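**Student:** This one is protein-v5.txt, compact mmCIF, C-alpha atoms and all ligand atoms.
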```txt
# COMPACT_ATOMS: atom_id res chain seq x y z
CA MET A 1 0.00 0.00 0.00
CA GLU A 2 1.24 3.48 -0.74
CA ARG A 3 0.02 7.02 -0.42
CA LEU A 4 -2.16 8.18 -3.27
CA GLN A 5 0.05 11.15 -4.18
CA LYS A 6 3.10 8.87 -4.38
CA TYR A 7 1.21 6.44 -6.59
CA ILE A 8 0.13 9.24 -8.96
CA ALA A 9 3.74 10.44 -9.24
CA ALA A 10 4.92 6.85 -9.90
CA CYS A 11 2.47 6.77 -12.82
CA GLY A 12 4.36 9.68 -14.37
CA VAL A 13 1.35 12.02 -14.17
CA CYS A 14 3.12 14.75 -12.21
CA SER A 15 5.22 15.40 -9.11
CA ARG A 16 4.02 14.34 -5.66
CA ARG A 17 3.42 17.98 -4.70
CA LYS A 18 1.28 18.57 -7.79
CA ALA A 19 -0.57 15.29 -7.14
CA GLU A 20 -1.60 16.64 -3.72
CA GLU A 21 -3.16 19.63 -5.46
CA TYR A 22 -5.02 17.39 -7.92
CA ILE A 23 -6.33 15.24 -5.07
CA ALA A 24 -7.54 18.34 -3.19
CA GLN A 25 -9.23 19.57 -6.38
CA GLY A 26 -11.21 16.31 -6.65
CA LYS A 27 -9.52 15.20 -9.87
CA VAL A 28 -8.58 11.77 -8.56
CA SER A 29 -10.79 8.77 -7.94
CA VAL A 30 -10.08 5.35 -6.46
CA ASN A 31 -12.40 2.51 -7.46
CA GLY A 32 -14.88 5.02 -8.81
CA GLU A 33 -14.97 7.24 -5.74
CA ILE A 34 -13.46 10.75 -5.68
CA ILE A 35 -10.82 10.91 -2.95
CA THR A 36 -9.79 14.24 -1.47
CA GLU A 37 -8.18 12.85 1.67
CA MET A 38 -4.41 13.24 1.60
CA GLY A 39 -3.29 10.21 3.59
CA PHE A 40 -5.39 7.79 1.52
CA LYS A 41 -3.54 4.58 0.69
CA VAL A 42 -3.86 2.47 -2.44
CA GLY A 43 -2.73 -1.06 -3.27
CA GLU A 44 -2.13 -3.07 -6.45
CA ASP A 45 -5.79 -3.98 -6.94
CA ASP A 46 -7.16 -0.45 -6.68
CA VAL A 47 -8.19 1.32 -9.88
CA VAL A 48 -6.94 4.88 -9.74
CA ARG A 49 -8.22 7.47 -12.21
CA TYR A 50 -6.91 10.96 -12.87
CA MET A 51 -9.45 13.16 -14.68
CA GLY A 52 -11.43 10.00 -15.42
CA LYS A 53 -8.56 8.08 -17.04
CA VAL A 54 -7.06 4.99 -15.44
CA ILE A 55 -3.40 5.54 -14.51
CA LEU A 56 -0.84 2.77 -14.00
CA PRO A 57 2.69 2.87 -12.53
CA GLU A 58 5.38 3.24 -15.17
CA GLU A 59 7.47 0.14 -15.70
CA LYS A 60 11.02 0.39 -14.43
CA LYS A 61 13.42 0.71 -17.35
CA VAL A 62 15.83 -2.19 -17.63
CA TYR A 63 18.94 -2.40 -19.81
CA LEU A 64 20.65 -5.75 -20.27
CA VAL A 65 23.63 -7.07 -22.18
CA ILE A 66 23.72 -10.74 -23.12
CA ASN A 67 26.37 -12.89 -24.73
CA LYS A 68 24.08 -14.60 -27.22
CA PRO A 69 25.22 -18.14 -27.97
CA LYS A 70 24.92 -19.38 -31.54
CA GLY A 71 21.94 -21.62 -32.17
CA CYS A 72 19.21 -19.25 -31.01
CA VAL A 73 17.11 -16.55 -32.64
CA THR A 74 16.94 -12.94 -31.46
CA SER A 75 13.17 -12.73 -31.47
CA VAL A 76 10.90 -13.04 -28.48
CA SER A 77 9.25 -16.17 -29.88
CA ASP A 78 9.86 -18.43 -32.86
CA ASP A 79 7.15 -20.05 -34.98
CA ARG A 80 9.58 -22.89 -35.84
CA GLY A 81 10.05 -23.72 -32.17
CA ARG A 82 13.73 -22.80 -32.13
CA LYS A 83 15.45 -21.61 -28.98
CA THR A 84 15.25 -17.84 -28.54
CA VAL A 85 17.54 -15.47 -26.71
CA MET A 86 14.72 -14.94 -24.21
CA ASP A 87 15.26 -18.50 -22.95
CA TYR A 88 18.47 -17.20 -21.35
CA ILE A 89 16.85 -14.26 -19.54
CA LYS A 90 15.81 -15.38 -16.07
CA GLY A 91 14.80 -13.43 -12.99
CA ILE A 92 13.85 -10.20 -14.78
CA ASP A 93 10.23 -9.15 -14.16
CA GLU A 94 10.08 -6.48 -16.85
CA ARG A 95 9.22 -7.40 -20.44
CA VAL A 96 12.50 -6.68 -22.17
CA TYR A 97 13.08 -7.39 -25.85
CA PRO A 98 16.15 -7.55 -28.11
CA VAL A 99 17.48 -4.39 -29.76
CA GLY A 100 18.32 -5.20 -33.38
CA ARG A 101 19.29 -8.69 -34.49
CA LEU A 102 22.01 -11.25 -34.64
CA ASP A 103 21.76 -14.26 -36.97
CA TYR A 104 20.93 -17.69 -35.61
CA ASN A 105 24.57 -18.70 -35.96
CA THR A 106 26.15 -15.45 -34.80
CA SER A 107 27.15 -15.11 -31.16
CA GLY A 108 28.06 -12.20 -28.93
CA LEU A 109 26.81 -8.89 -27.71
CA LEU A 110 23.11 -8.17 -27.83
CA ILE A 111 21.27 -5.44 -25.92
CA LEU A 112 17.82 -6.04 -24.44
CA THR A 113 15.60 -3.38 -22.92
CA ASN A 114 12.02 -2.29 -22.33
CA ASP A 115 12.93 1.31 -23.22
CA GLY A 116 11.33 1.60 -26.65
CA GLU A 117 12.61 5.08 -27.34
CA THR A 118 16.25 4.15 -26.73
CA ALA A 119 15.84 0.90 -28.70
CA ASN A 120 14.51 2.82 -31.70
CA ARG A 121 17.33 5.31 -31.56
CA LEU A 122 20.00 2.61 -31.33
CA THR A 123 18.70 0.81 -34.40
CA HIS A 124 18.01 3.90 -36.50
CA PRO A 125 20.47 4.04 -39.44
CA LYS A 126 21.24 7.73 -38.92
CA HIS A 127 22.89 6.98 -35.58
CA ASN A 128 25.94 5.46 -37.17
CA ILE A 129 27.12 3.52 -34.14
CA ASN A 130 30.21 1.30 -34.60
CA LYS A 131 29.49 -2.39 -34.37
CA VAL A 132 32.56 -4.56 -34.04
CA TYR A 133 32.71 -8.26 -34.97
CA VAL A 134 35.34 -10.95 -34.81
CA ALA A 135 35.13 -13.36 -37.72
CA LEU A 136 36.96 -16.60 -38.24
CA VAL A 137 37.23 -16.73 -42.04
CA GLN A 138 38.32 -19.12 -44.79
CA ARG A 139 41.42 -17.15 -45.71
CA ILE A 140 43.13 -13.81 -45.12
CA PRO A 141 41.87 -11.37 -47.77
CA GLU A 142 44.21 -9.80 -50.34
CA PRO A 143 44.92 -6.03 -49.98
CA ALA A 144 42.67 -5.25 -52.99
CA GLU A 145 39.84 -7.17 -51.35
CA VAL A 146 40.34 -5.27 -48.09
CA PHE A 147 40.17 -2.00 -50.05
CA PHE A 148 36.97 -3.10 -51.77
CA PHE A 149 35.43 -4.27 -48.47
CA GLU A 150 36.27 -1.05 -46.63
CA ASN A 151 35.11 1.31 -49.37
CA GLY A 152 31.64 -0.06 -49.77
CA ILE A 153 30.07 -3.07 -51.35
CA PHE A 154 26.74 -3.16 -53.13
CA LEU A 155 24.21 -5.23 -51.21
CA ASP A 156 20.65 -5.24 -52.56
CA GLY A 157 21.62 -2.43 -54.93
CA ARG A 158 22.80 -0.12 -52.14
CA LYS A 159 26.40 0.53 -51.16
CA THR A 160 27.45 -0.22 -47.60
CA ALA A 161 28.87 2.63 -45.50
CA PRO A 162 32.67 2.67 -45.05
CA ALA A 163 33.78 -0.30 -42.97
CA LYS A 164 37.05 -1.45 -41.44
CA LEU A 165 38.76 -4.79 -41.76
CA GLU A 166 41.79 -5.67 -39.63
CA VAL A 167 43.68 -8.95 -39.44
CA ILE A 168 43.81 -10.33 -35.90
CA SER A 169 45.61 -13.54 -36.69
CA GLU A 170 46.91 -15.31 -39.80
CA GLU A 171 46.37 -18.78 -38.43
CA PRO A 172 43.58 -19.46 -37.83
CA PRO A 173 42.59 -16.66 -40.21
CA SER A 174 40.59 -14.20 -38.15
CA LEU A 175 39.49 -10.64 -38.72
CA LYS A 176 38.15 -7.74 -36.73
CA ILE A 177 35.40 -6.04 -38.74
CA THR A 178 33.77 -2.73 -37.91
CA ILE A 179 30.53 -1.68 -39.60
CA HIS A 180 28.07 1.10 -38.89
CA GLU A 181 24.82 -0.26 -40.21
CA GLY A 182 22.76 -3.27 -39.27
CA ARG A 183 21.62 -4.66 -42.59
CA ASN A 184 20.47 -8.23 -42.90
CA ARG A 185 23.43 -10.68 -42.61
CA GLN A 186 25.62 -7.73 -43.47
CA VAL A 187 29.05 -8.99 -42.42
CA ARG A 188 28.50 -12.46 -43.87
CA ARG A 189 27.28 -11.03 -47.19
CA MET A 190 30.13 -8.50 -47.38
CA LEU A 191 32.63 -11.33 -46.89
CA GLU A 192 30.89 -13.41 -49.56
CA GLU A 193 31.27 -10.48 -51.95
CA ILE A 194 35.06 -10.76 -51.59
CA ASP A 195 34.95 -14.55 -52.11
CA ASN A 196 35.38 -15.35 -48.46
CA LYS A 197 33.20 -16.83 -45.76
CA ALA A 198 32.61 -16.31 -42.04
CA VAL A 199 33.18 -19.71 -40.48
CA SER A 200 32.13 -18.14 -37.19
CA LEU A 201 30.99 -14.65 -36.30
CA LYS A 202 30.82 -12.90 -32.95
CA ARG A 203 29.87 -9.32 -32.08
CA ILE A 204 32.17 -7.84 -29.44
CA SER A 205 30.92 -4.26 -29.14
CA ILE A 206 28.22 -1.75 -30.01
CA GLY A 207 29.61 1.77 -29.59
CA GLU A 208 31.01 1.98 -26.06
CA ILE A 209 29.16 -1.14 -24.89
CA GLU A 210 31.55 -4.06 -24.78
CA LEU A 211 31.00 -7.77 -24.38
CA GLY A 212 34.10 -8.14 -22.21
CA ARG A 213 34.35 -11.41 -20.33
CA LEU A 214 30.64 -12.17 -20.18
CA LYS A 215 30.23 -15.93 -20.63
CA LYS A 216 28.11 -17.45 -23.42
CA GLY A 217 24.41 -17.47 -22.53
CA LYS A 218 24.95 -15.13 -19.56
CA PHE A 219 23.55 -11.65 -19.18
CA ARG A 220 24.19 -8.66 -16.96
CA GLU A 221 22.55 -5.32 -16.25
CA MET A 222 24.24 -2.31 -17.84
CA THR A 223 26.23 0.02 -15.61
CA GLU A 224 25.01 3.57 -15.00
CA SER A 225 27.59 4.96 -17.42
CA GLU A 226 26.57 2.46 -20.14
CA ILE A 227 22.92 3.46 -19.70
CA ASP A 228 23.93 7.08 -19.88
CA TYR A 229 25.82 6.37 -23.09
CA ILE A 230 23.03 4.51 -24.89
CA LYS A 231 20.47 7.11 -23.89
CA ASN A 232 22.59 9.90 -25.32
CA CYS A 233 24.45 8.42 -28.27
N1 LIG B 301 26.31 -9.43 -39.78
C1 LIG B 301 25.96 -10.69 -40.05
O1 LIG B 301 26.22 -11.19 -41.14
N2 LIG B 301 25.29 -11.40 -39.12
C2 LIG B 301 24.99 -10.90 -37.91
O2 LIG B 301 24.38 -11.59 -37.10
C3 LIG B 301 25.36 -9.59 -37.63
C4 LIG B 301 26.03 -8.87 -38.57
```
Could you show the structure in this file as structure tokens?

**Tutor:**
Amino acid sequence: MERLQKYIAACGVCSRRKAEEYIAQGKVSVNGEIITEMGFKVGEDDVVRYMGKVILPEEKKVYLVINKPKGCVTSVSDDRGRKTVMDYIKGIDERVYPVGRLDYNTSGLLILTNDGETANRLTHPKHNINKVYVALVQRIPEPAEVFFFENGIFLDGRKTAPAKLEVISEEPPSLKITIHEGRNRQVRRMLEEIDNKAVSLKRISIGEIELGRLKKGKFREMTESEIDYIKNC
């Protein structure tokens, strides 16, 4: 049970002080009855209305980072009955959902949140956030292929934005690839365009958010500074 003015503020209607004014003005009802008494307490089952409209507490915003294993989809459910990334999210009451996508066979960093506004901003093409991948490939590309890859490749008739390709190791041949967009199977298709293939693909960062040492299938809450970053990038 909590005080009515606190409940109204938790619904995002106004401040507690303002809520007291609204209560005194008879603008608030509980279970159909106008309440003007200040100490009135409400619980989960009470229906509170402000100016006739039902108000509900705002959901707490949650920001998670998961190390997605390969062999699962990044949707909330799958009509083919495949494992989804949500199967790994336990003990979180809020209804979070994945931001953007990773292929079934791609592993690594994925953000989940219930903050729709931030999710939309992060996935909007104009935001130009670096996404970094590590790819185990068939062979180390030739310099001309690296040039071609970095300067833009036509996928679906549209050139990719400038990318970066760095060799991490010659044997096994592995590359660090930085792209700025999130087009469908983008890294895999860009590699195919230079006659190569991602044998495995893992995302290690999105802007300043890094996968770090998070184990496969494990998730963590973002730190305050990470939340600050994704809300303002
Ligand atoms: N590029 C791909 O090809 N696949 C992913 O999952 C992400 C980026």

**Student:** Please list as a PyMOL selection string every residue within 12 Å of Lys83 (chain A), counting all atoms listed in the file and excluding residues in the same chain fewer than 6 positions away.

**Tutor:** chain A and resi 68-77+104-105+217

**Student:** Counting all atoms listed in the file, which residue out of A:Glu193, A:Asp78, A:Glu2, A:Asp115 sits closest to ligand LIG 301 (chain B)?

**Tutor:**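 Using all atoms listed in the file, ligand LIG 301 (chain B) sits closest to A:Glu193.
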
**Student:** One decimal, in Å: what's the spacing between CA of Ile23 (chain A) and CA of Met38 (chain A)?

**Tutor:** 7.2 Å

**Student:** Rank A:Tyr133, A:Phe40, A:Tyr97, A:Tyr7 by their smallest atom-to-atom distance to ligand LIG 301 (chain B), using all atoms listed in the file, and report the top residue only.

**Tutor:** A:Tyr133

**Student:** May I ask you to write as a ChimeraX atom specification all residues lying at most 8 Å from ligand LIG 301 (chain B), with all atoms listed in the file counted?

**Tutor:** /A:101-107,133,182-190,201-203

**Student:** Please, which residues are within 12 Å of (33.8, -9.5, -43.1) by the file's coordinates, counting all atoms listed in the file, and could they come as JSON, numbers by chain?

**Tutor:** {"A": [132, 133, 134, 135, 136, 137, 138, 139, 140, 141, 145, 146, 148, 149, 150, 152, 153, 163, 164, 165, 166, 167, 173, 174, 175, 176, 177, 178, 179, 185, 186, 187, 188, 189, 190, 191, 192, 193, 194, 195, 196, 197, 198, 199, 200, 201, 202, 203]}

**Student:** Compile the contact shell of Asn232 (chain A) as a list of chain:residue names: residues with an atom at most 9 Å away, counting only C-alpha atoms, same-chain residues fewer than 4 positions apart removed.

**Tutor:** A:Thr118, A:Ile227, A:Asp228
